[in-house]
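Below is upload-v8.txt, holding compact mmCIF, C-alpha atoms and all ligand atoms.
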# COMPACT_ATOMS: atom_id res chain seq x y z
CA MET X 1 0.00 0.00 0.00
CA VAL X 2 1.20 3.50 -0.78
CA THR X 3 1.47 5.50 2.41
CA VAL X 4 2.57 8.94 3.50
CA GLU X 5 6.33 9.08 3.81
CA ARG X 6 6.97 12.69 4.78
CA VAL X 7 5.12 15.79 5.96
CA GLU X 8 6.98 19.09 5.59
CA ALA X 9 5.89 22.44 6.99
CA ILE X 10 7.21 25.31 4.87
CA PRO X 11 6.59 28.77 6.33
CA VAL X 12 6.78 31.42 3.59
CA SER X 13 6.39 35.17 3.39
CA TYR X 14 5.50 37.26 0.35
CA ARG X 15 4.47 40.76 -0.58
CA GLU X 16 0.74 41.06 -1.31
CA PRO X 17 0.13 43.64 -4.06
CA THR X 18 -3.63 43.72 -3.41
CA ASP X 19 -2.85 44.77 0.17
CA HIS X 20 -0.41 47.64 -0.46
CA ASN X 21 2.54 45.25 -0.83
CA ARG X 22 2.44 44.37 2.81
CA PHE X 23 4.18 41.16 3.83
CA ARG X 24 1.89 38.23 4.32
CA SER X 25 2.92 34.84 5.67
CA VAL X 26 1.41 31.42 5.22
CA CYS X 27 2.48 27.91 6.13
CA LEU X 28 2.68 25.66 3.07
CA VAL X 29 2.53 21.91 3.65
CA LYS X 30 4.18 19.39 1.33
CA ILE X 31 3.27 15.75 1.77
CA THR X 32 5.22 13.05 -0.07
CA ASP X 33 4.06 9.44 -0.46
CA THR X 34 6.14 6.28 -0.71
CA ASP X 35 5.88 6.44 -4.53
CA GLY X 36 7.40 9.93 -4.54
CA ARG X 37 4.19 11.81 -5.38
CA THR X 38 3.61 15.09 -3.62
CA GLY X 39 0.55 16.99 -2.45
CA TRP X 40 0.53 20.63 -1.41
CA GLY X 41 -1.58 22.49 1.10
CA GLU X 42 -1.64 25.85 2.82
CA GLY X 43 -2.53 27.15 6.25
CA CYS X 44 -3.52 30.83 6.15
CA ALA X 45 -1.89 32.17 9.31
CA TYR X 46 -1.07 35.56 7.67
CA PHE X 47 1.29 36.78 10.41
CA PRO X 48 4.89 35.56 10.74
CA GLU X 49 4.64 34.46 14.36
CA ALA X 50 1.39 32.61 13.68
CA THR X 51 2.90 31.04 10.56
CA LEU X 52 5.92 29.76 12.49
CA ALA X 53 3.62 28.44 15.22
CA THR X 54 1.53 26.69 12.56
CA ALA X 55 4.70 25.11 11.15
CA ARG X 56 5.60 23.71 14.58
CA ILE X 57 2.10 22.31 15.02
CA VAL X 58 2.20 20.70 11.55
CA GLU X 59 5.55 19.11 12.48
CA GLY X 60 4.03 17.92 15.76
CA MET X 61 1.07 16.39 13.91
CA ALA X 62 3.27 14.77 11.24
CA PRO X 63 3.71 11.43 13.10
CA LEU X 64 -0.08 11.01 12.97
CA VAL X 65 0.00 11.29 9.18
CA VAL X 66 3.22 9.48 8.23
CA GLY X 67 2.56 5.81 7.47
CA GLN X 68 -1.14 6.45 6.83
CA ASN X 69 -3.06 5.85 3.61
CA PRO X 70 -3.47 9.29 2.00
CA LEU X 71 -6.77 8.21 0.45
CA GLN X 72 -8.25 8.29 3.96
CA THR X 73 -8.55 12.07 4.25
CA GLU X 74 -11.61 11.98 6.51
CA ALA X 75 -10.08 9.49 8.95
CA ILE X 76 -6.81 11.43 9.17
CA TRP X 77 -8.71 14.71 9.63
CA HIS X 78 -10.56 13.21 12.62
CA ARG X 79 -7.30 11.86 14.04
CA LEU X 80 -5.78 15.37 13.90
CA LYS X 81 -8.88 16.89 15.48
CA ASP X 82 -8.78 14.32 18.28
CA HIS X 83 -5.07 14.86 18.82
CA SER X 84 -5.44 18.64 19.23
CA TRP X 85 -8.35 18.29 21.70
CA TRP X 86 -6.76 20.66 24.22
CA TYR X 87 -5.10 23.38 22.17
CA GLY X 88 -7.56 23.17 19.28
CA THR X 89 -10.85 23.11 21.15
CA GLY X 90 -13.30 25.13 19.13
CA ALA X 91 -10.73 27.49 17.68
CA GLY X 92 -7.09 28.32 17.21
CA ILE X 93 -3.99 27.73 15.18
CA ALA X 94 -4.60 23.98 15.30
CA SER X 95 -7.36 24.62 12.73
CA ILE X 96 -4.88 26.38 10.44
CA ALA X 97 -2.38 23.51 10.77
CA ILE X 98 -5.09 20.91 10.07
CA SER X 99 -6.12 23.00 7.03
CA GLY X 100 -2.64 22.82 5.52
CA ILE X 101 -2.31 19.08 6.07
CA ASP X 102 -5.83 18.32 4.85
CA ILE X 103 -5.52 20.31 1.60
CA ALA X 104 -2.19 18.59 0.86
CA LEU X 105 -3.74 15.16 1.48
CA TRP X 106 -6.64 15.87 -0.91
CA ASP X 107 -4.15 16.98 -3.56
CA LEU X 108 -2.10 13.83 -3.00
CA LYS X 109 -5.20 11.63 -3.02
CA GLY X 110 -6.19 13.03 -6.40
CA LYS X 111 -2.71 12.49 -7.79
CA GLN X 112 -2.71 8.89 -6.59
CA LEU X 113 -6.09 8.18 -8.13
CA GLY X 114 -5.53 10.25 -11.28
CA ALA X 115 -8.67 12.25 -10.42
CA SER X 116 -9.35 15.90 -9.75
CA VAL X 117 -10.23 17.09 -6.26
CA LEU X 118 -13.47 18.37 -7.82
CA ASP X 119 -14.39 14.86 -8.94
CA LEU X 120 -13.34 13.45 -5.55
CA LEU X 121 -15.76 15.94 -3.97
CA GLY X 122 -18.51 14.53 -6.16
CA GLY X 123 -18.21 16.79 -9.18
CA PRO X 124 -19.54 20.20 -10.13
CA VAL X 125 -23.04 21.08 -9.00
CA ARG X 126 -23.16 23.97 -11.48
CA ASP X 127 -22.05 24.47 -15.07
CA ALA X 128 -20.80 28.02 -14.61
CA LEU X 129 -19.40 29.85 -11.60
CA PRO X 130 -19.33 33.67 -11.85
CA ALA X 131 -16.01 35.32 -10.96
CA ILE X 132 -15.77 38.64 -9.15
CA ALA X 133 -12.77 40.82 -8.39
CA SER X 134 -11.32 40.98 -4.88
CA LEU X 135 -9.80 44.42 -4.35
CA HIS X 136 -8.91 46.97 -1.70
CA GLY X 137 -9.44 50.70 -1.76
CA THR X 138 -6.17 52.17 -3.00
CA HIS X 139 -6.15 55.91 -3.79
CA GLU X 140 -7.18 59.18 -2.26
CA SER X 141 -9.07 60.04 -5.44
CA ILE X 142 -12.46 58.35 -5.67
CA ASP X 143 -12.49 58.77 -9.44
CA ALA X 144 -9.10 57.07 -9.74
CA MET X 145 -10.33 54.15 -7.62
CA ALA X 146 -13.54 53.86 -9.64
CA GLU X 147 -11.57 53.85 -12.88
CA GLU X 148 -9.18 51.19 -11.59
CA ILE X 149 -11.98 48.92 -10.34
CA ALA X 150 -13.93 49.32 -13.59
CA ALA X 151 -10.81 48.40 -15.59
CA HIS X 152 -10.77 45.07 -13.74
CA THR X 153 -14.47 44.35 -14.23
CA ALA X 154 -14.15 45.34 -17.90
CA THR X 155 -12.18 42.08 -18.37
CA GLY X 156 -15.46 40.25 -17.76
CA LEU X 157 -15.34 39.88 -13.99
CA GLN X 158 -18.95 40.16 -12.88
CA GLY X 159 -18.44 42.52 -10.01
CA ALA X 160 -16.02 43.69 -7.36
CA LYS X 161 -15.68 43.23 -3.63
CA VAL X 162 -13.79 46.17 -2.21
CA GLY X 163 -12.07 46.19 1.17
CA PHE X 164 -12.52 49.34 3.24
CA GLY X 165 -10.30 50.51 6.08
CA LYS X 166 -7.05 49.21 4.60
CA ALA X 167 -3.53 50.64 4.43
CA GLY X 168 -2.98 53.64 2.17
CA ASN X 169 -5.02 56.79 1.90
CA ALA X 170 -8.31 55.57 0.42
CA HIS X 171 -9.91 56.40 3.79
CA LEU X 172 -13.02 54.33 3.16
CA GLY X 173 -15.43 53.29 5.89
CA PHE X 174 -14.89 56.34 8.06
CA ASP X 175 -17.09 59.01 6.52
CA GLU X 176 -20.60 58.47 5.22
CA ALA X 177 -20.52 61.07 2.45
CA ARG X 178 -17.21 59.73 1.11
CA ASP X 179 -18.43 56.11 1.29
CA LEU X 180 -21.60 56.89 -0.65
CA ALA X 181 -19.69 58.94 -3.22
CA PHE X 182 -17.36 55.97 -3.64
CA VAL X 183 -20.21 53.49 -4.13
CA GLU X 184 -21.92 55.73 -6.69
CA ALA X 185 -18.71 56.43 -8.60
CA VAL X 186 -17.73 52.75 -8.76
CA GLN X 187 -21.18 51.67 -9.88
CA ALA X 188 -21.24 54.35 -12.58
CA ALA X 189 -17.76 53.39 -13.78
CA MET X 190 -18.49 49.64 -13.85
CA GLY X 191 -21.78 50.14 -15.64
CA PRO X 192 -24.93 48.02 -15.37
CA GLY X 193 -24.90 44.33 -14.57
CA LYS X 194 -21.89 44.41 -12.24
CA ASP X 195 -22.21 43.72 -8.52
CA LEU X 196 -20.47 45.74 -5.83
CA MET X 197 -19.75 44.23 -2.43
CA ILE X 198 -18.32 46.24 0.47
CA ASP X 199 -16.03 44.56 3.02
CA LEU X 200 -15.24 46.43 6.24
CA GLY X 201 -11.72 46.17 7.60
CA VAL X 202 -10.50 45.83 11.17
CA ARG X 203 -9.53 49.53 11.20
CA ASN X 204 -13.14 50.52 10.63
CA PHE X 205 -15.27 50.67 13.71
CA TRP X 206 -18.98 51.02 13.22
CA ASP X 207 -21.40 50.94 16.11
CA VAL X 208 -24.88 49.59 15.46
CA PRO X 209 -26.53 52.94 14.52
CA THR X 210 -23.69 53.71 12.10
CA ALA X 211 -23.98 50.26 10.56
CA ILE X 212 -27.74 50.66 10.15
CA ARG X 213 -27.41 54.09 8.49
CA ARG X 214 -24.73 52.94 6.10
CA ALA X 215 -26.46 49.60 5.37
CA ARG X 216 -29.70 51.39 4.48
CA ALA X 217 -27.87 53.80 2.19
CA PHE X 218 -25.94 50.97 0.54
CA GLU X 219 -29.14 48.94 0.18
CA GLU X 220 -30.83 51.86 -1.61
CA ARG X 221 -27.90 51.93 -4.00
CA GLY X 222 -28.06 48.21 -4.70
CA VAL X 223 -24.87 47.07 -2.96
CA ALA X 224 -24.91 43.28 -3.28
CA TRP X 225 -23.63 42.52 0.22
CA LEU X 226 -22.05 44.24 3.21
CA GLU X 227 -19.26 42.27 4.88
CA GLU X 228 -18.26 42.40 8.54
CA PRO X 229 -19.97 45.76 9.25
CA LEU X 230 -19.96 44.78 12.95
CA GLY X 231 -16.89 42.57 12.92
CA HIS X 232 -16.95 38.82 13.24
CA ASP X 233 -18.90 38.26 16.45
CA ASP X 234 -21.75 40.51 17.55
CA PRO X 235 -24.99 38.49 17.55
CA ALA X 236 -27.08 41.20 19.22
CA GLY X 237 -25.70 43.94 16.99
CA TYR X 238 -26.24 41.86 13.87
CA ALA X 239 -29.79 41.06 14.99
CA ALA X 240 -30.51 44.80 15.25
CA LEU X 241 -28.91 45.42 11.85
CA ARG X 242 -30.85 42.58 10.28
CA ALA X 243 -34.12 43.96 11.69
CA ALA X 244 -33.40 47.44 10.31
CA THR X 245 -32.24 46.67 6.76
CA GLY X 246 -32.67 44.20 3.97
CA ILE X 247 -29.08 44.32 2.73
CA ARG X 248 -27.36 40.96 2.59
CA ILE X 249 -24.97 40.63 5.53
CA ALA X 250 -21.72 38.72 5.15
CA TYR X 251 -19.34 37.39 7.79
CA GLY X 252 -17.81 34.09 8.88
CA GLU X 253 -14.33 34.05 7.37
CA ARG X 254 -12.85 34.23 10.87
CA GLU X 255 -14.63 31.08 12.03
CA TRP X 256 -12.36 28.11 12.63
CA ASN X 257 -14.60 25.19 11.89
CA ALA X 258 -18.07 23.93 11.01
CA ARG X 259 -19.24 24.27 14.62
CA GLY X 260 -18.51 28.01 14.54
CA VAL X 261 -20.32 28.33 11.23
CA GLN X 262 -23.33 26.54 12.66
CA ARG X 263 -23.35 28.96 15.60
CA ILE X 264 -23.41 32.09 13.41
CA VAL X 265 -25.96 30.61 11.00
CA GLU X 266 -28.23 29.89 13.97
CA THR X 267 -28.25 33.58 14.87
CA GLY X 268 -30.23 34.19 11.68
CA THR X 269 -28.10 37.24 10.91
CA VAL X 270 -25.71 36.05 8.21
CA ASP X 271 -26.64 35.66 4.55
CA VAL X 272 -23.21 35.12 3.00
CA VAL X 273 -20.87 32.98 5.08
CA GLY X 274 -17.17 33.53 4.38
CA LEU X 275 -15.17 30.30 4.59
CA ASP X 276 -11.38 30.15 4.30
CA PRO X 277 -10.15 26.69 3.25
CA GLY X 278 -6.76 27.56 4.77
CA ARG X 279 -8.35 28.20 8.16
CA VAL X 280 -11.62 26.31 8.47
CA GLU X 281 -9.87 22.91 8.69
CA GLY X 282 -9.13 22.39 5.04
CA ILE X 283 -11.20 20.95 2.23
CA THR X 284 -12.79 18.50 4.66
CA GLY X 285 -13.75 21.29 7.08
CA PHE X 286 -14.90 23.67 4.34
CA ARG X 287 -17.23 21.08 2.91
CA LYS X 288 -18.80 20.35 6.30
CA ALA X 289 -19.31 24.09 6.91
CA ALA X 290 -20.65 24.73 3.40
CA GLU X 291 -23.13 21.90 3.86
CA ILE X 292 -24.49 23.65 6.97
CA CYS X 293 -24.91 26.77 4.83
CA ALA X 294 -26.72 24.85 2.11
CA LEU X 295 -29.05 23.12 4.58
CA ASN X 296 -29.96 26.55 6.00
CA ARG X 297 -30.28 28.24 2.59
CA ARG X 298 -27.31 30.50 3.20
CA GLN X 299 -24.68 31.38 0.63
CA ALA X 300 -21.12 30.26 1.34
CA ASN X 301 -18.26 32.24 -0.12
CA ALA X 302 -14.66 31.06 -0.26
CA HIS X 303 -12.26 33.53 1.33
CA ASN X 304 -9.82 33.21 -1.54
CA PHE X 305 -7.24 35.76 -0.51
CA SER X 306 -3.99 33.89 -0.24
CA THR X 307 -1.71 31.91 -2.54
CA ALA X 308 -2.63 29.90 -5.63
CA ILE X 309 -2.88 26.73 -3.50
CA VAL X 310 -5.84 28.04 -1.52
CA GLY X 311 -7.01 29.43 -4.87
CA ALA X 312 -7.10 25.94 -6.38
CA ALA X 313 -8.82 24.50 -3.31
CA SER X 314 -11.39 27.35 -3.38
CA GLN X 315 -11.99 26.74 -7.07
CA ALA X 316 -12.74 23.02 -6.61
CA LEU X 317 -14.86 23.61 -3.50
CA SER X 318 -16.86 26.45 -5.06
CA PHE X 319 -17.81 24.24 -8.02
CA ALA X 320 -18.63 21.29 -5.74
CA CYS X 321 -20.60 22.96 -2.93
CA PRO X 322 -24.21 23.98 -3.69
CA ALA X 323 -23.99 26.90 -1.22
CA CYS X 324 -21.21 28.64 -3.21
CA HIS X 325 -22.50 30.97 -5.94
CA VAL X 326 -19.47 33.06 -6.95
CA LEU X 327 -15.69 32.97 -6.51
CA GLU X 328 -13.50 35.96 -5.73
CA LEU X 329 -10.30 36.26 -7.77
CA GLN X 330 -7.43 38.70 -7.26
CA PRO X 331 -6.96 40.53 -10.55
CA VAL X 332 -3.99 42.57 -9.32
CA TYR X 333 -0.90 40.67 -10.43
CA GLY X 334 0.94 38.95 -7.59
CA PRO X 335 3.58 36.17 -7.80
CA ALA X 336 1.96 34.19 -4.95
CA GLN X 337 -1.23 33.89 -6.96
CA LYS X 338 0.15 33.70 -10.48
CA ASP X 339 3.75 32.41 -10.52
CA LEU X 340 3.63 29.89 -7.67
CA VAL X 341 1.77 27.35 -9.82
CA ASP X 342 1.62 26.44 -13.49
CA ARG X 343 -2.16 26.83 -13.77
CA PRO X 344 -3.48 29.53 -11.47
CA VAL X 345 -7.25 29.79 -11.12
CA TRP X 346 -8.63 32.38 -13.53
CA HIS X 347 -11.75 33.17 -15.47
CA THR X 348 -13.00 33.23 -19.06
CA LYS X 349 -15.44 36.06 -19.80
CA GLY X 350 -16.36 36.35 -16.14
CA TYR X 351 -16.78 32.65 -15.38
CA VAL X 352 -14.26 30.71 -13.30
CA ASN X 353 -12.34 28.13 -15.28
CA ARG X 354 -13.26 24.57 -14.41
CA PRO X 355 -10.49 22.85 -12.42
CA ASP X 356 -8.83 19.84 -13.91
CA GLY X 357 -6.79 17.23 -12.08
CA PRO X 358 -5.00 15.30 -11.01
CA GLY X 359 -5.48 16.52 -7.45
CA LEU X 360 -5.71 20.29 -7.31
CA GLY X 361 -4.46 20.39 -10.91
CA ILE X 362 -1.43 22.53 -10.15
CA GLU X 363 2.33 22.05 -10.12
CA ILE X 364 4.26 24.12 -7.61
CA ASP X 365 7.31 26.23 -8.48
CA GLU X 366 9.53 24.93 -5.70
CA ASP X 367 12.31 27.43 -6.44
CA LEU X 368 9.86 30.25 -5.77
CA VAL X 369 8.79 28.52 -2.56
CA ALA X 370 12.43 28.16 -1.46
CA SER X 371 13.12 31.84 -2.15
CA ALA X 372 10.15 32.88 0.00
CA ARG X 373 10.95 30.81 3.08
CA LEU X 374 10.33 32.69 6.29
CA ASP X 375 12.84 30.60 8.24
CA ARG X 376 15.78 30.87 5.83
MG MG K 401 -13.61 39.83 4.25
Turn the structure described in the file into structure tokens.
Ligand SMILES: [Mg+2]
Amino acid sequence: MVTVERVEAIPVSYREPTDHNRFRSVCLVKITDTDGRTGWGEGCAYFPEATLATARIVEGMAPLVVGQNPLQTEAIWHRLKDHSWWYGTGAGIASIAISGIDIALWDLKGKQLGASVLDLLGGPVRDALPAIASLHGTHESIDAMAEEIAAHTATGLQGAKVGFGKAGNAHLGFDEARDLAFVEAVQAAMGPGKDLMIDLGVRNFWDVPTAIRRARAFEERGVAWLEEPLGHDDPAGYAALRAATGIRIAYGEREWNARGVQRIVETGTVDVVGLDPGRVEGITGFRKAAEICALNRRQANAHNFSTAIVGAASQALSFACPACHVLELQPVYGPAQKDLVDRPVWHTKGYVNRPDGPGLGIEIDEDLVASARLDR
């Protein structure tokens, strides 16, 4: 029987052009089987200290994976969950470590079987998956931002999700008049038929009355969804917001697992549930969480804001899970999304390309990985 021979944790750091070229760190995981095949995964820890901690946890979990049959992704996932019962209870970096290992095992499983991860997940539940742009506010000039965003959607992307409260001098999410001027300018520049989603950042702080005012104004202007207007965990605040507006409310990307997703869905205040495959316990965890969304008629949305490995996992999952309706792509060129793999996820005329195997359908540029190591 072919078994897992080696599990490597590879902490890397790269500049993220979509986020003002700030350094971003993730823990890649490379799993090699006894036939020499490799599978790659990624844990989205984002910060260097968290990435190094994730690497140590992956190394600590490795003995539970080595010698196992990589086809048994579900069984190994449960073994890792059981192992981290103390430090991974309900939340924490254990979930990020499990994510990296689990994604790598799915990739390896597909390569062993000569099948795509999408087929292993049961195949596509939709023929076409709309692609939208994932962007941050960038300039002081609203017109310049609107022009830039519209240039991206002019390539066919069916809308744009724009992050407020980010680095730089866009100063979005702080002033109502400026926010509404931004929304109107972007919608005018993109033209009809394109969706605009607004995603509040951690630097923005809206209390409930502010969130209600802004949500009502955005709703009047047809904003498709409003993300994290009250952060990631404010059930009472979100209940008040939900009662006051009809705008679709998005949050969830900071949940660690399906249990957390179930908890927020049960509040009745989330319409679009963000799920990060590099955080929510991998492909196995994402699917469990997305199934909760589907059973409760909520939309799930992959938080695809990391390297091309999470991009490939998000692509397969978004085609396979009935709760996923769109996929965010990063149209700003970045090596971590475009050069790391031979076939980065992209779109044709606004629809996400169908993934093709084996595994995640990507080959990793290991020289680029080596040059980005955080622990060199
Ligand atoms: Mg977000």
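With only C-alpha atoms and all ligand atoms as the atoms that count, the residue of X:Pro229, X:Gly159, X:Gly268, X:Pro331 with the shortest distance to ligand MG 401 (chain K) is X:Pro229.
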Chain X residues near ligand MG 401 (chain K) within 8 Å, closest pair each, using all atoms listed in the file, as JSON lines:
{"residue": "X:Gly163", "atom": "CA", "partner": "K:MG401", "partner_atom": "MG", "distance": 7.2}
{"residue": "X:Asp199", "atom": "CA", "partner": "K:MG401", "partner_atom": "MG", "distance": 5.5}
{"residue": "X:Leu200", "atom": "CA", "partner": "K:MG401", "partner_atom": "MG", "distance": 7.1}
{"residue": "X:Gly201", "atom": "CA", "partner": "K:MG401", "partner_atom": "MG", "distance": 7.4}
{"residue": "X:Glu227", "atom": "CA", "partner": "K:MG401", "partner_atom": "MG", "distance": 6.2}
{"residue": "X:Glu228", "atom": "CA", "partner": "K:MG401", "partner_atom": "MG", "distance": 6.8}
{"residue": "X:Tyr251", "atom": "CA", "partner": "K:MG401", "partner_atom": "MG", "distance": 7.2}
{"residue": "X:Glu253", "atom": "CA", "partner": "K:MG401", "partner_atom": "MG", "distance": 6.6}
{"residue": "X:Gly274", "atom": "CA", "partner": "K:MG401", "partner_atom": "MG", "distance": 7.2}
{"residue": "X:His303", "atom": "CA", "partner": "K:MG401", "partner_atom": "MG", "distance": 7.1}
Check: Nearest to Lys288 (chain X): which of X:Gln315, X:Asn353, X:Gln262, X:Ser306 is it, counting all atoms listed in the file?
Finding: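 Using all atoms listed in the file, Lys288 (chain X) sits closest to X:Gln262.
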Item checked: CA of Ser25 (chain X) to CA of Thr51 (chain X), straight-line distance in Å ->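 CA of Ser25 (chain X) lies 6.2 Å from CA of Thr51 (chain X).
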Checklist line | Residue with smallest distance to Ser134 (chain X) - pool X:Ala45, X:Leu157, X:Val272, X:Ala236, counting all atoms listed in the file | finding: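 When distances to Ser134 (chain X) are compared using all atoms listed in the file, the smallest one comes from X:Leu157.
Distances from X:Pro70, X:Gly60, X:Gly88, X:Gly193 to Val2 (chain X) were compared using only C-alpha atoms, and the smallest one belongs to X:Pro70.
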Checklist line | Minimum-distance residue to Asn304 (chain X), chosen among X:Lys161, X:Lys166, X:Arg126, X:His78 (using only C-alpha atoms) | finding: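 Closest residue, counting only C-alpha atoms: X:Lys161.
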